[in-house]
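Enquirer: Take a look at this one; I'll ask things after.
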There are 4 protein chains.
Amino acid sequence: MDTLTDTAAQVAHGYITEKDRYLARLKRIEGQARGIHRMVSEDAYCIDILTQISAITSALENVALGLLDDHLKHCVAGAIQHDGAEVEVKLKEASDAIARLVKS
Amino acid sequence: MDTLTDTAAQVAHGYITEKDRYLARLKRIEGQARGIHRMVSEDAYCIDILTQISAITSALENVALGLLDDHLKHCVAGAIQHDGAEVEVKLKEASDAIARLVKS
Amino acid sequence: MDTLTDTAAQVAHGYITEKDRYLARLKRIEGQARGIHRMVSEDAYCIDILTQISAITSALENVALGLLDDHLKHCVAGAIQHDGAEVEVKLKEASDAIARLVKS
Amino acid sequence: MDTLTDTAAQVAHGYITEKDRYLARLKRIEGQARGIHRMVSEDAYCIDILTQISAITSALENVALGLLDDHLKHCVAGAIQHDGAEVEVKLKEASDAIARLVKS
């Protein structure tokens, strides 16, 4: 795992190296959202719709956890190593994002 | 609120009376998912993407809580009042759906 | 499962039949809380403390899901079957409790 | 906020500087747990117990978010600045702790 080498400085955001995988996952999530819309339009049973909502919520959480992991490894770690001035902002942003995820 | 009248028996699922509103909310959620996909494809900042993921997760949870409320008021309440045989199944389904929501 | 028989009417709350098990689980949770306090007082490593907080949070959620299941099967189902006047209040209480659990 | 000065190296864990406040909060949480046990033993109404469980779960989450914030600012930031060898372990531990919190 390339954490603190010079490339971290050039790679603006941690997720860039995994961008295609994130895009594929988000495309699937978009499809899940469309699927739930279709279930409601076709009067599907409430419990079946709820099952799909739990599934898409979990998928979104997993994307968020991946992005957060990348952010800590690259954006936060990079700021700490290369540019002390931004550290407090980066750390505060990360903690606030974690709080939103935990509380949502 | 029409909980246990005859119409409840005819209305297969609780959410049907609010169907258009659910469809509109789910269409917005689909748009949010597409928006997050676009943010990643345009190399948006990780924290901004995480903020949007928390927003769509909350929107999904609110749809789920609405569906669950309707389900309890109509499907579960209707089964209890009109057709005792299905009650245990309906109650178990509801509790399992609640557990999935709480744990997702 | 004794859902809607006369005993349900006498048993004020659904959990009464499982009371001893709930008390034992809550006593363990109290012990977990004391354990986390001790970890902090003994300068335990942050991650180890966080692991214990996730464990006690899950234990509390499971107790809550059990109480909610009992509440639906007895208090809500009983109100629907025996005393229509309280139904809307019971259903609203249940939905609000579910929302608090999902959002906490 | 003292993030990356020498004291961070001496302060083993981030939360040490706030230890008394964490101990006070955890003592209150232990009291809340005891209170819920007492509610069940006194046959309190299910919904009132569920309200207290949501309250203690939120209190625990807030303690966890504080510990995580301190951990990132001191343990993780300190490892990045002072001792590169531990960085990957510290970042992985932090991400795993975040995932447990989000999923619990």
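Just so we're on the same page: first chain in the structure tokens is A, next is B, and so on; residues restart at 1 for each chain, and ligands are numbered from 1 in the order they show up.
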Please report as a PyMOL selection string which residues of chain B come no farther than 9 Å from chain D, using only C-alpha atoms.
Expert: chain B and resi 102-104
Enquirer: Got time to write the residues from that selection, all heavy atoms, as a JSON list (two decimals), in the first residue's frame?
Expert:
```
[["chain", "number", "residue", "atom", "x", "y", "z"],
["B", 102, "VAL", "N", -31.95, -1.27, 11.61],
["B", 102, "VAL", "CA", -31.13, -0.80, 12.74],
["B", 102, "VAL", "C", -29.67, -1.22, 12.54],
["B", 102, "VAL", "O", -28.74, -0.47, 12.83],
["B", 102, "VAL", "CB", -31.67, -1.38, 14.07],
["B", 102, "VAL", "CG1", -30.70, -1.12, 15.24],
["B", 102, "VAL", "CG2", -33.03, -0.76, 14.39],
["B", 103, "LYS", "N", -29.48, -2.43, 12.02],
["B", 103, "LYS", "CA", -28.11, -2.96, 11.91],
["B", 103, "LYS", "C", -27.42, -2.52, 10.60],
["B", 103, "LYS", "O", -26.21, -2.77, 10.46],
["B", 103, "LYS", "CB", -28.15, -4.49, 11.97],
["B", 103, "LYS", "CG", -28.67, -5.05, 13.28],
["B", 103, "LYS", "CD", -27.62, -5.02, 14.37],
["B", 103, "LYS", "CE", -28.08, -5.61, 15.67],
["B", 103, "LYS", "NZ", -27.09, -5.42, 16.76],
["B", 104, "SER", "N", -28.19, -1.98, 9.64],
["B", 104, "SER", "CA", -27.49, -1.61, 8.37],
["B", 104, "SER", "C", -26.86, -0.23, 8.51],
["B", 104, "SER", "O", -27.26, 0.52, 9.39],
["B", 104, "SER", "CB", -28.49, -1.57, 7.20],
["B", 104, "SER", "OG", -29.39, -0.52, 7.38]]
```
Enquirer: Considering only alpha helix (DSSP H) as DSSP defines it on the backbone, what residues of chain B qualify? List them as a ChimeraX atom specification.
Expert: /B:6-10,19-41,46-71,77-82,87-103
Enquirer: Set the distance at 9 Å and use only C-alpha atoms: which residues neighbour segment 11-27 of chain A once local chain neighbours fewer than 4 positions away are removed? I'd like the list as a PyMOL selection string.
Expert: (chain A and resi 6-7+31-32+59-60+63+66-75) or (chain B and resi 33-34+36-38+40-41+43-46)
Enquirer: Using C-alpha atoms, can you export the residues from the last selection as a PDB file, in the first residue's frame?
Expert:
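Result file is again-v2.pdb:
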```pdb
ATOM      1  CA  ASP A   6       5.801  11.339  -3.252  1.00  0.00           C
ATOM      2  CA  THR A   7       2.979   9.956  -5.449  1.00  0.00           C
ATOM      3  CA  GLY A  31     -29.416   0.703 -10.429  1.00  0.00           C
ATOM      4  CA  GLN A  32     -30.561  -0.447  -6.974  1.00  0.00           C
ATOM      5  CA  ALA A  59     -23.687  -0.779  -0.133  1.00  0.00           C
ATOM      6  CA  LEU A  60     -23.479   3.001   0.347  1.00  0.00           C
ATOM      7  CA  VAL A  63     -18.396   2.818  -0.350  1.00  0.00           C
ATOM      8  CA  GLY A  66     -13.632   2.750   1.540  1.00  0.00           C
ATOM      9  CA  LEU A  67     -13.460   6.441   0.676  1.00  0.00           C
ATOM     10  CA  LEU A  68     -12.744   7.290   4.324  1.00  0.00           C
ATOM     11  CA  ASP A  69      -9.952   4.717   4.493  1.00  0.00           C
ATOM     12  CA  ASP A  70      -8.399   6.137   1.314  1.00  0.00           C
ATOM     13  CA  HIS A  71      -8.828   9.677   2.640  1.00  0.00           C
ATOM     14  CA  LEU A  72      -7.012   8.874   5.882  1.00  0.00           C
ATOM     15  CA  LYS A  73      -4.193   7.047   4.064  1.00  0.00           C
ATOM     16  CA  HIS A  74      -3.602   9.716   1.470  1.00  0.00           C
ATOM     17  CA  CYS A  75      -5.157  13.119   2.098  1.00  0.00           C
TER      18      CYS A  75
ATOM     19  CA  ALA B  33     -26.868   8.366  -6.515  1.00  0.00           C
ATOM     20  CA  ARG B  34     -26.162   9.592 -10.047  1.00  0.00           C
ATOM     21  CA  ILE B  36     -22.309  10.877  -6.369  1.00  0.00           C
ATOM     22  CA  HIS B  37     -21.207   8.848  -9.386  1.00  0.00           C
ATOM     23  CA  ARG B  38     -20.562  12.116 -11.250  1.00  0.00           C
ATOM     24  CA  VAL B  40     -16.252  10.558  -8.333  1.00  0.00           C
ATOM     25  CA  SER B  41     -15.870  10.675 -12.127  1.00  0.00           C
ATOM     26  CA  ASP B  43     -12.417  13.708  -9.036  1.00  0.00           C
ATOM     27  CA  ALA B  44     -14.388  15.594  -6.401  1.00  0.00           C
ATOM     28  CA  TYR B  45     -12.869  15.908  -2.916  1.00  0.00           C
ATOM     29  CA  CYS B  46     -13.407  12.782  -0.744  1.00  0.00           C
TER      30      CYS B  46
END
```
Enquirer: Name the closest residue to Ser54 of chain C among the candidates C:Ile80, C:Ile29, C:Ala99, C:Val89; distances are taken between atoms, counting only C-alpha atoms.
Expert: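 Ranking C:Ile80, C:Ile29, C:Ala99, C:Val89 by distance to Ser54 of chain C, first place goes to C:Ile29.
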Enquirer: With only C-alpha atoms as the counted atoms, please give the residues lying no more than 7 Å from segment 47-51 of chain B, apart from itself and same-chain residues fewer than 4 positions off, as a list of chain:residue names.
Expert: A:Ala64, A:Glu93, A:Ala97, B:Ile36, B:Met39, B:Ala55
Enquirer: So how many Å separate atom CA of Glu30 of chain D and atom CA of Gln52 of chain D, to one decimal?
Expert: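 Computing it gives 12.5 Å between the two atoms.
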Enquirer: Rounded to one decimal in Å, what is the spacing between atom CA of Leu65 of chain D and atom CA of Leu65 of chain B?
Expert: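 Value for the atom CA of Leu65 of chain D-atom CA of Leu65 of chain B distance: 25.4 Å.
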Enquirer: Do you know which residues are at most 7 Å from Leu91 of chain B counting only C-alpha atoms, after dropping those on the same chain fewer than 3 positions away, and could you put them as a CSV table (one decimal) with all heavy atoms, in the first residue's frame?
Expert:
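Saved to selection_33.csv:
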```csv
chain,number,residue,atom,x,y,z
B,76,VAL,N,-49.9,-5.0,9.1
B,76,VAL,CA,-49.8,-5.8,10.3
B,76,VAL,C,-51.2,-5.6,11.1
B,76,VAL,O,-51.8,-6.5,11.5
B,76,VAL,CB,-48.7,-5.3,11.2
B,76,VAL,CG1,-48.7,-5.9,12.6
B,76,VAL,CG2,-47.3,-5.6,10.5
B,87,VAL,N,-51.0,-13.3,11.4
B,87,VAL,CA,-50.4,-12.3,12.3
B,87,VAL,C,-49.0,-12.6,12.6
B,87,VAL,O,-48.1,-11.7,12.5
B,87,VAL,CB,-51.3,-12.3,13.6
B,87,VAL,CG1,-50.6,-11.4,14.6
B,87,VAL,CG2,-52.7,-11.7,13.3
B,88,GLU,N,-48.7,-13.8,13.0
B,88,GLU,CA,-47.3,-14.1,13.5
B,88,GLU,C,-46.3,-13.9,12.4
B,88,GLU,O,-45.3,-13.3,12.6
B,88,GLU,CB,-47.2,-15.6,14.0
B,88,GLU,CG,-47.7,-15.7,15.4
B,88,GLU,CD,-47.4,-17.1,16.0
B,88,GLU,OE1,-46.3,-17.6,15.6
B,88,GLU,OE2,-48.2,-17.6,16.8
B,94,ALA,N,-42.1,-7.9,10.2
B,94,ALA,CA,-41.8,-6.5,10.6
B,94,ALA,C,-40.6,-6.4,11.5
B,94,ALA,O,-39.7,-5.5,11.3
B,94,ALA,CB,-43.1,-5.9,11.3
B,95,SER,N,-40.5,-7.3,12.5
B,95,SER,CA,-39.4,-7.2,13.4
B,95,SER,C,-38.1,-7.5,12.7
B,95,SER,O,-37.1,-6.8,13.0
B,95,SER,CB,-39.6,-8.2,14.6
B,95,SER,OG,-40.6,-7.8,15.5
C,73,LYS,N,-45.8,-7.5,19.4
C,73,LYS,CA,-46.6,-8.8,19.6
C,73,LYS,C,-47.7,-8.6,20.7
C,73,LYS,O,-48.7,-9.3,20.6
C,73,LYS,CB,-45.7,-10.0,19.9
C,73,LYS,CG,-44.9,-10.5,18.7
C,73,LYS,CD,-44.0,-11.6,19.1
C,73,LYS,CE,-43.1,-12.0,18.0
C,73,LYS,NZ,-41.9,-12.8,18.4
```
